[in-house]
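A quick write-up on the structure given underneath.
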Amino acid sequence: MAQDSVSRGALWTGRVMSALPIFIVLMGSAMKLMRLPAVHEGFARAGLSDSLIVPVGLIELICVITYVIPATAVLGAILMTGLLGAACLTSLRIADPTYPLPVILGMLAWGGLFMRDLRVRALIPFRKAERKNLRSASEPEKTVSAA
């Protein structure tokens, strides 16, 4: 019998796992769209032009909105992966010690989606290891004869 929905526990685990990347990327987007002084300093340290602040903030906002809508959540996770990959590369390029954060956020985004969406579970079918029926070497092998 096929399962039509995820369990309530898996659904809430997925929502909690997804909440952190949503919150952090959304907060970063809001800070960029408000053009806060800390954002200007961060962009300057990364060697990026101030003219990119608002476009990057809009890209972040689009990624989050696409991720939180259930019908487009898989596309949103793909977009968030690209966004967070670029953030990780930028952090590595300037030797920022926070470079693992985007990787962790991406793992949480996909993990949360895996927990709450059967489509992702179908794409990544983790299975329990099959337990082989092991018999001892002294047991004779059973054969079926055609009679």
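Chain labels run A, B, ... following the order of the structure tokens; each chain numbers its residues from 1, and ligands are numbered from 1 in the order shown.
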Within 12 Å of Val16 in chain A, counting only C-alpha atoms, which residues show up once you throw out same-chain ones fewer than 3 positions away? Write them as a PDB file with C-alpha atoms, in the first residue's frame, please.
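Dumped to result-v3.pdb:
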```pdb
ATOM      1  CA  GLY A   9       6.207  13.937  13.155  1.00  0.00           C
ATOM      2  CA  ALA A  10       8.156  13.977   9.885  1.00  0.00           C
ATOM      3  CA  LEU A  11       6.165  16.968   8.670  1.00  0.00           C
ATOM      4  CA  TRP A  12       6.950  19.010  11.792  1.00  0.00           C
ATOM      5  CA  THR A  13      10.582  17.889  11.835  1.00  0.00           C
ATOM      6  CA  ALA A  19      12.808  27.285   9.405  1.00  0.00           C
ATOM      7  CA  LEU A  20      16.480  28.135  10.042  1.00  0.00           C
ATOM      8  CA  PRO A  21      17.545  28.572   6.397  1.00  0.00           C
ATOM      9  CA  ILE A  22      14.311  30.449   5.677  1.00  0.00           C
ATOM     10  CA  PHE A  23      14.844  32.813   8.593  1.00  0.00           C
ATOM     11  CA  LEU A 108      18.981  21.884   6.477  1.00  0.00           C
ATOM     12  CA  ALA A 109      16.926  23.198   3.547  1.00  0.00           C
ATOM     13  CA  GLY A 111      16.803  17.799   4.793  1.00  0.00           C
ATOM     14  CA  GLY A 112      13.709  19.700   5.814  1.00  0.00           C
ATOM     15  CA  LEU A 113      12.238  19.321   2.349  1.00  0.00           C
ATOM     16  CA  MET A 115      11.215  15.196   5.661  1.00  0.00           C
ATOM     17  CA  ARG A 116       8.075  17.046   4.562  1.00  0.00           C
TER      18      ARG A 116
END
```
Neighbour list for Val39 in chain A as a PyMOL selection string, cut-off 12 Å, only C-alpha atoms, skip fewer than 2 positions in-chain | chain A and resi 27-37+41-46+48-54+56-57
Just the selected residues (N, CA and C atoms), exported as a CSV table (one decimal), in the first residue's frame, please.
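That gives us result-v7.csv:
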```csv
chain,number,residue,atom,x,y,z
A,27,MET,N,16.3,37.1,6.6
A,27,MET,CA,16.9,38.2,7.3
A,27,MET,C,18.0,38.9,6.5
A,28,GLY,N,18.8,38.2,5.8
A,28,GLY,CA,19.8,38.7,5.0
A,28,GLY,C,19.2,39.5,3.8
A,29,SER,N,18.1,39.0,3.3
A,29,SER,CA,17.5,39.8,2.2
A,29,SER,C,16.9,41.1,2.7
A,30,ALA,N,16.3,41.1,3.8
A,30,ALA,CA,15.7,42.3,4.4
A,30,ALA,C,16.8,43.3,4.7
A,31,MET,N,17.9,42.9,5.2
A,31,MET,CA,19.0,43.8,5.5
A,31,MET,C,19.6,44.4,4.2
A,32,LYS,N,19.6,43.6,3.2
A,32,LYS,CA,20.1,44.2,1.9
A,32,LYS,C,19.1,45.1,1.3
A,33,LEU,N,17.9,44.8,1.3
A,33,LEU,CA,16.8,45.7,0.8
A,33,LEU,C,16.7,47.0,1.6
A,34,MET,N,17.1,46.9,2.9
A,34,MET,CA,17.1,48.2,3.7
A,34,MET,C,18.4,48.9,3.5
A,35,ARG,N,19.4,48.3,2.8
A,35,ARG,CA,20.7,48.9,2.6
A,35,ARG,C,21.4,49.3,3.9
A,36,LEU,N,21.4,48.4,4.9
A,36,LEU,CA,22.0,48.8,6.2
A,36,LEU,C,23.5,48.9,6.0
A,37,PRO,N,24.1,49.8,6.9
A,37,PRO,CA,25.6,50.0,6.8
A,37,PRO,C,26.4,48.7,6.9
A,41,GLU,N,29.5,47.4,4.4
A,41,GLU,CA,30.8,46.9,4.9
A,41,GLU,C,31.1,45.5,4.4
A,42,GLY,N,30.1,44.6,4.5
A,42,GLY,CA,30.3,43.3,4.1
A,42,GLY,C,30.6,43.1,2.6
A,43,PHE,N,29.8,43.9,1.8
A,43,PHE,CA,30.1,43.8,0.4
A,43,PHE,C,31.5,44.4,0.0
A,44,ALA,N,31.9,45.5,0.7
A,44,ALA,CA,33.2,46.0,0.5
A,44,ALA,C,34.3,45.0,0.9
A,45,ARG,N,34.1,44.3,2.0
A,45,ARG,CA,35.1,43.3,2.4
A,45,ARG,C,35.2,42.2,1.4
A,46,ALA,N,34.0,41.8,0.8
A,46,ALA,CA,34.0,40.7,-0.1
A,46,ALA,C,34.4,41.2,-1.5
A,48,LEU,N,32.7,43.3,-3.5
A,48,LEU,CA,31.6,43.4,-4.4
A,48,LEU,C,31.1,44.9,-4.4
A,49,SER,N,30.5,45.2,-5.5
A,49,SER,CA,30.0,46.6,-5.7
A,49,SER,C,28.8,46.8,-4.9
A,50,ASP,N,28.6,48.1,-4.4
A,50,ASP,CA,27.4,48.4,-3.7
A,50,ASP,C,26.2,48.4,-4.6
A,51,SER,N,26.4,48.4,-5.9
A,51,SER,CA,25.2,48.4,-6.8
A,51,SER,C,24.6,47.0,-6.9
A,52,LEU,N,25.3,46.0,-6.3
A,52,LEU,CA,24.8,44.6,-6.3
A,52,LEU,C,23.9,44.3,-5.0
A,53,ILE,N,23.9,45.2,-4.1
A,53,ILE,CA,23.2,45.0,-2.8
A,53,ILE,C,21.7,44.7,-3.0
A,54,VAL,N,21.0,45.5,-3.7
A,54,VAL,CA,19.6,45.3,-3.9
A,54,VAL,C,19.3,44.1,-4.8
A,56,VAL,N,21.0,41.4,-5.1
A,56,VAL,CA,21.2,40.2,-4.3
A,56,VAL,C,20.1,40.0,-3.3
A,57,GLY,N,19.7,41.1,-2.7
A,57,GLY,CA,18.6,41.0,-1.7
A,57,GLY,C,17.3,40.5,-2.4
```
Mind checking which residues fall within 12 Å of Gly82 in chain A, counting only C-alpha atoms, ignoring those fewer than 6 positions away in the same chain, and posting them as a list in words?
->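 Using only C-alpha atoms, the neighbours found are Ile59, Glu60, Cys63, Leu75, Gly76, Cys88, Leu89, Pro102, Val103, Leu105 and Gly106 of chain A.
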In terms of the shortest atom-to-atom distance over only C-alpha atoms, which of A:Met17, A:Val6, A:Ile94, A:Ile65 is closest to Trp110 in chain A?
->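 Looking only at the distances to Trp110 in chain A, the closest residue turns out to be A:Met17.
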For CA of Val74 in chain A and CA of Ala122 in chain A, the interatomic separation in Å (one decimal) = 12.2 Å
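Among the candidates A:Met107, A:Ile24, A:Ala77, A:Leu84, the one nearest to Val120 in chain A when counting only C-alpha atoms is A:Ala77.
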Find the distance between CA of Pro125 in chain A and CA of Leu83 in chain A and write it in Å to one decimal.
->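 Taking CA of Pro125 in chain A as the start and CA of Leu83 in chain A as the end point, the length is 25.5 Å.
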From the set A:Pro55, A:Gly47, A:Pro100, A:Gly14, which residue has the shortest atom-to-atom contact distance to Leu118 in chain A, counting only C-alpha atoms?
->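 Using only C-alpha atoms, the shortest distance to Leu118 in chain A belongs to A:Gly14.
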Coordinates-based distance that separates CA of Ile62 in chain A from CA of Ser7 in chain A (Å, one decimal) |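 CA of Ser7 in chain A sits 28.9 Å away from CA of Ile62 in chain A.
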